[in-house]
Amino acid sequence: MTLLAKNKWLSLLLVCCFVWIVPAAAQKKITLSGYMKDAQSGETLINANVFIKELEIGVQANNYGFYSVSLPAGSYTVIFSYVGYGSLSVNMNLIESTTYNAELQNQTIIKEVEVTTTRKDQNVKGTEVGTMSLPMDKVKTLPVIFGESDILKTLQLMPGVQSAGEGNSGFYVRGGGPDQNLILLDDAVVYNSGHLFGFFSVFNSDAIKSVNLIKGGMPASYGGRLSSVVDVSMKDGDMKQFHGEGGIGLIASRFTIQGPIDKNKGSFMIAARRTYIDLLVKPFTPRSSSLYGSGYYFYDVNIKANYNLTKKDRLYLSGYFGRDQFIFNNADESFNVKIPWGNSTATLRWNHLFSDRVFLNTTAVFNDYKFSFSGEQNSFAVKLSSGIRDWNGKMDLDYFTPFNHHFKTGLLYIYHTFTPNTVSGKSDTVSFDPQNPFIKYAHEAAAYVQDEFDLGPKIRVNAGLRYSWFAQVGPYWKYDYDQNRDKTDSSFYGASDIVKQYGGFEPRLNVRLLLDEQSSMKASITKTYQYIHLVTNNGTTLPTDTWVPSTYITRPQEAWQYSLGYFRNFFENKLETSVELYYKKMNNQIEFRDGYTPNNLTDEELDFVFGTGQAYGAEFFINKTKGKFTGWIGYTLSWTYRKFPDLNNGEPFPAKYDRRHDLSVVASYEHSKRWTFSAVFVYGSGNAITLPTNYYFIEQQLIQQFSSINAYRLPPYHRLDISANLTPQHKKKHKWQGSWNFSIYNVYNRYNPYFLYVDTRGNATKGIQAKVMQVSIFPILPSVTYNFKF
């Protein structure tokens, strides 16, 4: 983009942000503000809605449940609403600025009540494009594999979101790779979201309060990834009473307890989960077995506490710690392998209310991801380790102006330490423990401003500008190489020296045009930079994948995304529908060069090649939100291509996750207060793959000749899952409440492909017979889980 074009963008953005902020109100305005809360637990409700019926204006609470709206003095009907909760309608005679904390009832408690004054049209009247929220109660009723509810698998049922593979919690969004999704847990980045090699996510559903997916029209407050944001918030803890919940499944159990630290002032939540595959198998494995002493398990713990220091100050402390552990020992202990990996995060957050219009959030975050592989055989031992560690600080300020502009501005800083695959070992008395020169350090910073406002009665705008900056810093040895990849020269950078730096402006613009009370058009333009990248050979987020920064060799990824959507509700907002079109242009995409094989003795950057990508498609969504029968249908038609000068003879090729058709059908039927039935059907075109097409011998060595990149397809993927939830009737005073979930995964026993390989047999004399073989891992799988609350 030329400098002139950039200046036009900035000028347009500044006009959108500031020109309408004028003291146009001749009549004195007062402010209504407060917090949106759960009536039972006192937890704040993130991004809840406030609607002034007489003025037909609405505002949205911020990420911490605080709202503020300015209006002329008078009598009004104020409607408070939140997804999964019954709306609250309050008549107010407002003659001066007022604080009102709205407490909403969860719909699971007021199922029999028909609420008529609801405002469930946020999908039509909000400015969000490609944004979806997941009600946790709905997540827990869907069919699950091995009895474990999984929010990331539920996200895969949304249009524009594709599964990374059979049973995998990894996902792709609108043609982007797995590293292009920003996954946050209480503001801490989750670098590896999978347990059990990706079959389960790290998120314990009992510990989660809300999940928001943004796949188009990303606000300026988010950055660092090209494709999507998954913003997950943990429960704060019940402010009013102690209670617990949990579940016992086929392979894992979980337990959560929460309650007040000081009633109505502070609370806590502790959730723990562990698999017991290793414990179940151990009694049945004799000492003579080659598997004796081997096993696998994972565990995780979520902790959160908060306290109201004053009426204007609230302190939060939250953390996550999870580990996977795979151990293999053969019977005579001559060969041992240990593979531990996991995430650790800690978040300290302070909310301060300067006034009824100004809200400040200050956050400090630490997160650490580690992977390790160690093996021993007789006198030989080898260890491989990798990881990423961050120290993060940020400030976000919300300003609700007297003219009902919602300003947000903020600053972010992260210090990264990247440890790529580091190998050490020993054989007898000889040790190999290099001082790894490939550890990299980096600073990342960003500043943003955004404004959401009404431009007349029909048009609502969310405009923002973000500036991001990234610098690779020392200590670091920079080497120059010749054509044979031999070192020719070197330079050393000290701890405070900048090796290479990047930066740029990221304009964001979302516009909603209200066509009538039931329909709207929305459009968005988003520019994003991504400064860290996932090195992977398979397209999924396995623990062996490593994160690398932008350096003097590797430039940051960047993308422009354009979205256009039509949203319409029917039958008094009981049926939500939408059609969204998108186009994404990506630069500086990363792949490995042809013929790459992992080599931990040289920097992996030397094997990178760079190119461009594009993705475009259409997403269709129908969602029935009310009644005994609820559910949704999501369908995506999409194309995703990559073009690299050094790959495929410079010709474009479909990305691994180019998938023409993706269909999800989700249905839930509440038969009675005791029984709820659910079903999920998914269909997806097969992933693109590369296969060998010819074989020949050179000096008795079998040589394979491969097709062009991703010229073939896996067979289509489809399956049906069903579940039933039984909730026995309990007396109102009964302190223990139990329920059962019965699920069947892959009801008609479809052998879906996990991967393909080519089986070759023969020799140079008799010739070669090659046959493509399919590996499938999950047949029909029933599961039973007992859930309880007390």
# chains A, B, ... in the order shown; residues from 1 in each chain; ligands from 1
call {"tool": "residues_around", "arguments": {"residues": "Leu317 of chain A", "least_positions_apart": "4", "cutoff": "7 Å", "atoms": "only C-alpha atoms", "output": "list in words"}}
result
Lys304, Ala305, Asn306, Thr347, Leu348 and Arg349 of chain A
call {"tool": "residues_around", "arguments": {"residues": "segment 487-498 of chain A", "least_positions_apart": "4", "cutoff": "7 Å", "atoms": "only C-alpha atoms", "output": "PyMOL selection string"}}
result
chain A and resi 471-482
call {"tool": "write_last_selection", "arguments": {"atoms": "C-alpha atoms", "output": "short mmCIF file (atom, residue, chain, number, x, y, z; two decimals), in the first residue's frame"}}
result
data_model
loop_
_atom_site.label_atom_id
_atom_site.label_comp_id
_atom_site.auth_asym_id
_atom_site.auth_seq_id
_atom_site.Cartn_x
_atom_site.Cartn_y
_atom_site.Cartn_z
CA ALA A 471 11.61 -6.55 17.68
CA GLN A 472 13.96 -9.52 17.80
CA VAL A 473 16.63 -8.74 20.38
CA GLY A 474 19.83 -10.29 21.69
CA PRO A 475 21.69 -12.06 23.06
CA TYR A 476 21.89 -13.57 19.58
CA TRP A 477 24.52 -14.70 17.06
CA LYS A 478 23.59 -13.73 13.51
CA TYR A 479 25.28 -15.79 10.80
CA ASP A 480 25.73 -15.24 7.10
CA TYR A 481 25.63 -18.30 4.82
CA ASP A 482 26.80 -19.13 1.31
#
call {"tool": "select_by_dssp", "arguments": {"residues": "segment 508-683 of chain A", "states": "helix (DSSP H, G or I)", "output": "list in words"}}
result
Glu604, Glu605, Leu606, Asp607, Asn648, Asn649 and Gly650 of chain A
call {"tool": "write_last_selection", "arguments": {"atoms": "C-alpha atoms", "output": "PDB file, in the first residue's frame"}}
result
ATOM      1  CA  GLU A 604      14.887 -24.156  11.139  1.00  0.00           C
ATOM      2  CA  GLU A 605      14.526 -20.703   9.600  1.00  0.00           C
ATOM      3  CA  LEU A 606      17.052 -21.715   6.942  1.00  0.00           C
ATOM      4  CA  ASP A 607      14.492 -24.205   5.641  1.00  0.00           C
ATOM      5  CA  ASN A 648       5.064 -26.371  -6.878  1.00  0.00           C
ATOM      6  CA  ASN A 649       6.967 -24.627  -9.718  1.00  0.00           C
ATOM      7  CA  GLY A 650       5.547 -21.327  -8.516  1.00  0.00           C
TER       8      GLY A 650
END
call {"tool": "atom_distance", "arguments": {"atom1": "atom CA of Asp187 of chain A", "atom2": "atom CA of Val232 of chain A"}}
result
8.2 Å
call {"tool": "residues_around", "arguments": {"residues": "segment 546-551 of chain A", "least_positions_apart": "5", "cutoff": "8 Å", "atoms": "only C-alpha atoms", "output": "ChimeraX atom specification"}}
result
/A:386-388,418,420-421,440,442,470-472,499-501,531-536,556
call {"tool": "residues_around", "arguments": {"residues": "Lys311 of chain A", "least_positions_apart": "5", "cutoff": "10 Å", "atoms": "only C-alpha atoms", "output": "PyMOL selection string"}}
result
chain A and resi 265+352-353
call {"tool": "write_last_selection", "arguments": {"atoms": "N, CA and C atoms", "output": "mmCIF file, in the first residue's frame"}}
result
data_model
loop_
_atom_site.group_PDB
_atom_site.id
_atom_site.type_symbol
_atom_site.label_atom_id
_atom_site.label_comp_id
_atom_site.auth_asym_id
_atom_site.auth_seq_id
_atom_site.Cartn_x
_atom_site.Cartn_y
_atom_site.Cartn_z
ATOM 1 N N LYS A 265 -18.607 -9.813 48.543
ATOM 2 C CA LYS A 265 -17.411 -8.986 48.336
ATOM 3 C C LYS A 265 -16.309 -9.729 47.593
ATOM 4 N N HIS A 352 -10.652 -0.722 37.989
ATOM 5 C CA HIS A 352 -10.878 0.523 38.743
ATOM 6 C C HIS A 352 -11.891 1.376 37.996
ATOM 7 N N LEU A 353 -12.891 1.864 38.744
ATOM 8 C CA LEU A 353 -13.933 2.711 38.187
ATOM 9 C C LEU A 353 -13.631 4.158 38.578
#
call {"tool": "closest_residue", "arguments": {"among": "A:Asp150, A:Glu96, A:Asp454, A:Asp324", "to": "Ser372 of chain A", "atoms": "only C-alpha atoms"}}
result
A:Asp324
call {"tool": "residues_around", "arguments": {"residues": "segment 736-745 of chain A", "least_positions_apart": "4", "cutoff": "9 Å", "atoms": "only C-alpha atoms", "output": "PyMOL selection string"}}
result
chain A and resi 141-147+719-730+749+778-790
call {"tool": "write_last_selection", "arguments": {"atoms": "C-alpha atoms", "output": "PDB file, in the first residue's frame"}}
result
ATOM      1  CA  THR A 141     -25.886 -31.077  26.444  1.00  0.00           C
ATOM      2  CA  LEU A 142     -24.228 -31.971  23.123  1.00  0.00           C
ATOM      3  CA  PRO A 143     -22.870 -35.460  22.341  1.00  0.00           C
ATOM      4  CA  VAL A 144     -19.261 -35.901  23.428  1.00  0.00           C
ATOM      5  CA  ILE A 145     -16.417 -38.324  22.817  1.00  0.00           C
ATOM      6  CA  PHE A 146     -15.337 -40.358  25.866  1.00  0.00           C
ATOM      7  CA  GLY A 147     -17.790 -38.356  27.994  1.00  0.00           C
ATOM      8  CA  ARG A 719     -20.514 -38.867  11.168  1.00  0.00           C
ATOM      9  CA  LEU A 720     -23.574 -38.734  13.443  1.00  0.00           C
ATOM     10  CA  ASP A 721     -23.424 -38.399  17.223  1.00  0.00           C
ATOM     11  CA  ILE A 722     -26.373 -38.643  19.618  1.00  0.00           C
ATOM     12  CA  SER A 723     -26.817 -38.150  23.334  1.00  0.00           C
ATOM     13  CA  ALA A 724     -29.436 -38.241  26.077  1.00  0.00           C
ATOM     14  CA  ASN A 725     -29.326 -36.340  29.347  1.00  0.00           C
ATOM     15  CA  LEU A 726     -31.299 -37.720  32.292  1.00  0.00           C
ATOM     16  CA  THR A 727     -31.910 -35.432  35.259  1.00  0.00           C
ATOM     17  CA  PRO A 728     -33.796 -37.284  38.020  1.00  0.00           C
ATOM     18  CA  GLN A 729     -36.314 -35.244  39.970  1.00  0.00           C
ATOM     19  CA  HIS A 730     -34.939 -33.973  43.266  1.00  0.00           C
ATOM     20  CA  ASN A 749     -19.635 -46.613  12.513  1.00  0.00           C
ATOM     21  CA  PHE A 778     -12.507 -43.990  16.010  1.00  0.00           C
ATOM     22  CA  PRO A 779     -15.271 -46.538  15.331  1.00  0.00           C
ATOM     23  CA  ILE A 780     -18.656 -46.292  17.077  1.00  0.00           C
ATOM     24  CA  LEU A 781     -17.938 -45.227  20.672  1.00  0.00           C
ATOM     25  CA  PRO A 782     -20.568 -45.207  23.437  1.00  0.00           C
ATOM     26  CA  SER A 783     -19.870 -43.329  26.664  1.00  0.00           C
ATOM     27  CA  VAL A 784     -21.562 -42.678  29.994  1.00  0.00           C
ATOM     28  CA  THR A 785     -20.884 -39.783  32.348  1.00  0.00           C
ATOM     29  CA  TYR A 786     -22.366 -39.145  35.773  1.00  0.00           C
ATOM     30  CA  ASN A 787     -22.552 -35.426  36.592  1.00  0.00           C
ATOM     31  CA  PHE A 788     -23.369 -34.001  39.996  1.00  0.00           C
ATOM     32  CA  LYS A 789     -23.943 -30.732  41.832  1.00  0.00           C
ATOM     33  CA  PHE A 790     -24.229 -29.962  45.513  1.00  0.00           C
TER      34      PHE A 790
END
call {"tool": "residues_around", "arguments": {"residues": "Phe335 of chain A", "least_positions_apart": "6", "cutoff": "10 Å", "atoms": "only C-alpha atoms", "output": "JSON, numbers by chain"}}
result
{"A": [328, 329, 375, 376, 377, 378, 379, 380, 381]}
call {"tool": "select_by_dssp", "arguments": {"residues": "segment 663-778 of chain A", "states": "strand (DSSP E)", "output": "ChimeraX atom specification"}}
result
/A:663-670,675-684,688-689,692-698,701-706,712-713,717-726,737-745,755-763,767-775
call {"tool": "residues_around", "arguments": {"residues": "Glu619 of chain A", "least_positions_apart": "3", "cutoff": "9 Å", "atoms": "only C-alpha atoms", "output": "NGL selection string"}}
result
:A and (159-160 or 578-582 or 634-638)
call {"tool": "atom_distance", "arguments": {"atom1": "atom CA of Leu134 of chain A", "atom2": "atom CA of Tyr369 of chain A"}}
result
26.4 Å
call {"tool": "atom_distance", "arguments": {"atom1": "atom CA of Tyr441 of chain A", "atom2": "atom CA of Thr417 of chain A"}}
result
4.7 Å
call {"tool": "closest_residue", "arguments": {"among": "A:Gly237, A:Gly565, A:Gly627, A:Gly177", "to": "Thr44 of chain A", "atoms": "only C-alpha atoms"}}
result
A:Gly237
call {"tool": "closest_atom_pairs", "arguments": {"of": "segment 366-421 of chain A", "to": "segment 213-226 of chain A", "cutoff": "10 Å", "atoms": "only C-alpha atoms", "output": "tab-separated table"}}
result
residue	atom	partner	partner_atom	distance
A:Asp396	CA	A:Ser221	CA	8.4
A:Lys408	CA	A:Ser221	CA	7.8
A:Thr409	CA	A:Ser221	CA	7.6
A:Gly410	CA	A:Ser221	CA	7.3
A:Leu411	CA	A:Ser221	CA	9.1
A:Leu412	CA	A:Ser221	CA	9.6
call {"tool": "write_last_selection", "arguments": {"atoms": "C-alpha atoms", "output": "short mmCIF file (atom, residue, chain, number, x, y, z; two decimals), in the first residue's frame"}}
result
data_model
loop_
_atom_site.label_atom_id
_atom_site.label_comp_id
_atom_site.auth_asym_id
_atom_site.auth_seq_id
_atom_site.Cartn_x
_atom_site.Cartn_y
_atom_site.Cartn_z
CA ASP A 396 -7.47 -1.07 28.74
CA LYS A 408 -11.76 1.98 24.20
CA THR A 409 -8.05 2.54 24.23
CA GLY A 410 -5.16 0.51 25.53
CA LEU A 411 -1.50 -0.46 25.60
CA LEU A 412 0.12 -3.92 25.48
#
call {"tool": "closest_residue", "arguments": {"among": "A:Gly165, A:Gly611, A:Gly170, A:Gly65", "to": "Pro645 of chain A", "atoms": "only C-alpha atoms"}}
result
A:Gly611
call {"tool": "decode", "arguments": {"residues": "segment 156-196 of chain A", "atoms": "N, CA and C atoms", "output": "PDB file, in the first residue's frame"}}
result
ATOM      1  N   GLN A 156     -16.117 -25.984  16.388  1.00  0.00           N
ATOM      2  CA  GLN A 156     -15.965 -26.573  15.061  1.00  0.00           C
ATOM      3  C   GLN A 156     -17.309 -26.797  14.364  1.00  0.00           C
ATOM      4  N   LEU A 157     -18.407 -26.680  15.110  1.00  0.00           N
ATOM      5  CA  LEU A 157     -19.732 -26.847  14.525  1.00  0.00           C
ATOM      6  C   LEU A 157     -20.285 -25.535  13.961  1.00  0.00           C
ATOM      7  N   MET A 158     -19.504 -24.456  14.087  1.00  0.00           N
ATOM      8  CA  MET A 158     -19.930 -23.156  13.576  1.00  0.00           C
ATOM      9  C   MET A 158     -19.451 -22.964  12.140  1.00  0.00           C
ATOM     10  N   PRO A 159     -20.211 -22.233  11.310  1.00  0.00           N
ATOM     11  CA  PRO A 159     -19.759 -21.986   9.937  1.00  0.00           C
ATOM     12  C   PRO A 159     -18.465 -21.196   9.922  1.00  0.00           C
ATOM     13  N   GLY A 160     -17.585 -21.546   8.998  1.00  0.00           N
ATOM     14  CA  GLY A 160     -16.301 -20.885   8.883  1.00  0.00           C
ATOM     15  C   GLY A 160     -15.214 -21.479   9.744  1.00  0.00           C
ATOM     16  N   VAL A 161     -15.563 -22.439  10.615  1.00  0.00           N
ATOM     17  CA  VAL A 161     -14.596 -23.085  11.501  1.00  0.00           C
ATOM     18  C   VAL A 161     -14.506 -24.556  11.116  1.00  0.00           C
ATOM     19  N   GLN A 162     -13.311 -25.019  10.826  1.00  0.00           N
ATOM     20  CA  GLN A 162     -13.125 -26.389  10.353  1.00  0.00           C
ATOM     21  C   GLN A 162     -12.305 -27.194  11.342  1.00  0.00           C
ATOM     22  N   SER A 163     -12.675 -28.453  11.489  1.00  0.00           N
ATOM     23  CA  SER A 163     -11.922 -29.362  12.346  1.00  0.00           C
ATOM     24  C   SER A 163     -10.567 -29.674  11.730  1.00  0.00           C
ATOM     25  N   ALA A 164      -9.544 -29.850  12.598  1.00  0.00           N
ATOM     26  CA  ALA A 164      -8.217 -30.216  12.118  1.00  0.00           C
ATOM     27  C   ALA A 164      -8.121 -31.695  11.791  1.00  0.00           C
ATOM     28  N   GLY A 165      -9.103 -32.495  12.181  1.00  0.00           N
ATOM     29  CA  GLY A 165      -9.056 -33.919  11.887  1.00  0.00           C
ATOM     30  C   GLY A 165      -9.897 -34.715  12.853  1.00  0.00           C
ATOM     31  N   GLU A 166      -9.978 -36.006  12.620  1.00  0.00           N
ATOM     32  CA  GLU A 166     -10.796 -36.911  13.408  1.00  0.00           C
ATOM     33  C   GLU A 166     -10.498 -36.787  14.899  1.00  0.00           C
ATOM     34  N   GLY A 167     -11.523 -36.401  15.683  1.00  0.00           N
ATOM     35  CA  GLY A 167     -11.386 -36.338  17.122  1.00  0.00           C
ATOM     36  C   GLY A 167     -10.496 -35.229  17.638  1.00  0.00           C
ATOM     37  N   ASN A 168     -10.023 -34.328  16.761  1.00  0.00           N
ATOM     38  CA  ASN A 168      -9.014 -33.354  17.164  1.00  0.00           C
ATOM     39  C   ASN A 168      -9.666 -32.050  17.586  1.00  0.00           C
ATOM     40  N   SER A 169      -9.120 -31.422  18.639  1.00  0.00           N
ATOM     41  CA  SER A 169      -9.653 -30.144  19.100  1.00  0.00           C
ATOM     42  C   SER A 169      -9.043 -28.961  18.354  1.00  0.00           C
ATOM     43  N   GLY A 170      -8.019 -29.196  17.522  1.00  0.00           N
ATOM     44  CA  GLY A 170      -7.462 -28.138  16.690  1.00  0.00           C
ATOM     45  C   GLY A 170      -8.448 -27.711  15.619  1.00  0.00           C
ATOM     46  N   PHE A 171      -8.307 -26.475  15.120  1.00  0.00           N
ATOM     47  CA  PHE A 171      -9.283 -25.978  14.154  1.00  0.00           C
ATOM     48  C   PHE A 171      -8.656 -24.926  13.256  1.00  0.00           C
ATOM     49  N   TYR A 172      -9.278 -24.745  12.087  1.00  0.00           N
ATOM     50  CA  TYR A 172      -8.884 -23.732  11.117  1.00  0.00           C
ATOM     51  C   TYR A 172     -10.056 -22.777  10.922  1.00  0.00           C
ATOM     52  N   VAL A 173      -9.781 -21.509  10.715  1.00  0.00           N
ATOM     53  CA  VAL A 173     -10.838 -20.511  10.562  1.00  0.00           C
ATOM     54  C   VAL A 173     -10.613 -19.736   9.271  1.00  0.00           C
ATOM     55  N   ARG A 174     -11.590 -19.783   8.402  1.00  0.00           N
ATOM     56  CA  ARG A 174     -11.596 -19.003   7.162  1.00  0.00           C
ATOM     57  C   ARG A 174     -10.275 -19.079   6.406  1.00  0.00           C
ATOM     58  N   GLY A 175      -9.790 -20.305   6.220  1.00  0.00           N
ATOM     59  CA  GLY A 175      -8.621 -20.515   5.400  1.00  0.00           C
ATOM     60  C   GLY A 175      -7.298 -20.231   6.063  1.00  0.00           C
ATOM     61  N   GLY A 176      -7.302 -19.977   7.366  1.00  0.00           N
ATOM     62  CA  GLY A 176      -6.061 -19.704   8.079  1.00  0.00           C
ATOM     63  C   GLY A 176      -5.505 -20.962   8.727  1.00  0.00           C
ATOM     64  N   GLY A 177      -4.207 -20.967   8.996  1.00  0.00           N
ATOM     65  CA  GLY A 177      -3.559 -22.093   9.636  1.00  0.00           C
ATOM     66  C   GLY A 177      -3.857 -22.147  11.118  1.00  0.00           C
ATOM     67  N   PRO A 178      -3.433 -23.222  11.794  1.00  0.00           N
ATOM     68  CA  PRO A 178      -3.723 -23.372  13.224  1.00  0.00           C
ATOM     69  C   PRO A 178      -3.047 -22.322  14.087  1.00  0.00           C
ATOM     70  N   ASP A 179      -1.922 -21.760  13.620  1.00  0.00           N
ATOM     71  CA  ASP A 179      -1.237 -20.740  14.417  1.00  0.00           C
ATOM     72  C   ASP A 179      -1.870 -19.368  14.263  1.00  0.00           C
ATOM     73  N   GLN A 180      -2.834 -19.228  13.354  1.00  0.00           N
ATOM     74  CA  GLN A 180      -3.454 -17.930  13.118  1.00  0.00           C
ATOM     75  C   GLN A 180      -4.679 -17.681  13.992  1.00  0.00           C
ATOM     76  N   ASN A 181      -4.900 -18.552  14.995  1.00  0.00           N
ATOM     77  CA  ASN A 181      -5.991 -18.390  15.943  1.00  0.00           C
ATOM     78  C   ASN A 181      -5.423 -17.948  17.291  1.00  0.00           C
ATOM     79  N   LEU A 182      -5.871 -16.817  17.793  1.00  0.00           N
ATOM     80  CA  LEU A 182      -5.459 -16.327  19.110  1.00  0.00           C
ATOM     81  C   LEU A 182      -6.408 -16.906  20.146  1.00  0.00           C
ATOM     82  N   ILE A 183      -5.903 -17.795  21.002  1.00  0.00           N
ATOM     83  CA  ILE A 183      -6.706 -18.437  22.039  1.00  0.00           C
ATOM     84  C   ILE A 183      -6.288 -17.863  23.385  1.00  0.00           C
ATOM     85  N   LEU A 184      -7.249 -17.232  24.078  1.00  0.00           N
ATOM     86  CA  LEU A 184      -6.979 -16.554  25.344  1.00  0.00           C
ATOM     87  C   LEU A 184      -7.763 -17.212  26.472  1.00  0.00           C
ATOM     88  N   LEU A 185      -7.118 -17.377  27.607  1.00  0.00           N
ATOM     89  CA  LEU A 185      -7.773 -17.838  28.836  1.00  0.00           C
ATOM     90  C   LEU A 185      -7.504 -16.796  29.901  1.00  0.00           C
ATOM     91  N   ASP A 186      -8.524 -15.996  30.214  1.00  0.00           N
ATOM     92  CA  ASP A 186      -8.356 -14.877  31.148  1.00  0.00           C
ATOM     93  C   ASP A 186      -7.164 -14.010  30.744  1.00  0.00           C
ATOM     94  N   ASP A 187      -7.128 -13.644  29.475  1.00  0.00           N
ATOM     95  CA  ASP A 187      -6.110 -12.767  28.881  1.00  0.00           C
ATOM     96  C   ASP A 187      -4.748 -13.421  28.696  1.00  0.00           C
ATOM     97  N   ALA A 188      -4.568 -14.671  29.100  1.00  0.00           N
ATOM     98  CA  ALA A 188      -3.300 -15.376  28.895  1.00  0.00           C
ATOM     99  C   ALA A 188      -3.385 -16.184  27.607  1.00  0.00           C
ATOM    100  N   VAL A 189      -2.354 -16.070  26.753  1.00  0.00           N
ATOM    101  CA  VAL A 189      -2.334 -16.809  25.492  1.00  0.00           C
ATOM    102  C   VAL A 189      -2.111 -18.293  25.772  1.00  0.00           C
ATOM    103  N   VAL A 190      -2.930 -19.139  25.157  1.00  0.00           N
ATOM    104  CA  VAL A 190      -2.767 -20.589  25.259  1.00  0.00           C
ATOM    105  C   VAL A 190      -2.079 -21.050  23.973  1.00  0.00           C
ATOM    106  N   TYR A 191      -0.823 -21.472  24.078  1.00  0.00           N
ATOM    107  CA  TYR A 191      -0.048 -21.811  22.885  1.00  0.00           C
ATOM    108  C   TYR A 191      -0.308 -23.224  22.393  1.00  0.00           C
ATOM    109  N   ASN A 192      -0.673 -24.127  23.277  1.00  0.00           N
ATOM    110  CA  ASN A 192      -1.072 -25.469  22.846  1.00  0.00           C
ATOM    111  C   ASN A 192      -2.375 -25.801  23.548  1.00  0.00           C
ATOM    112  N   SER A 193      -3.447 -25.902  22.782  1.00  0.00           N
ATOM    113  CA  SER A 193      -4.787 -26.022  23.364  1.00  0.00           C
ATOM    114  C   SER A 193      -5.242 -27.462  23.520  1.00  0.00           C
ATOM    115  N   GLY A 194      -4.333 -28.438  23.310  1.00  0.00           N
ATOM    116  CA  GLY A 194      -4.768 -29.828  23.291  1.00  0.00           C
ATOM    117  C   GLY A 194      -4.198 -30.691  24.396  1.00  0.00           C
ATOM    118  N   HIS A 195      -5.033 -31.605  24.896  1.00  0.00           N
ATOM    119  CA  HIS A 195      -4.610 -32.745  25.698  1.00  0.00           C
ATOM    120  C   HIS A 195      -4.699 -33.993  24.823  1.00  0.00           C
ATOM    121  N   LEU A 196      -4.056 -35.060  25.241  1.00  0.00           N
ATOM    122  CA  LEU A 196      -4.111 -36.359  24.565  1.00  0.00           C
ATOM    123  C   LEU A 196      -3.786 -36.200  23.076  1.00  0.00           C
TER     124      LEU A 196
END
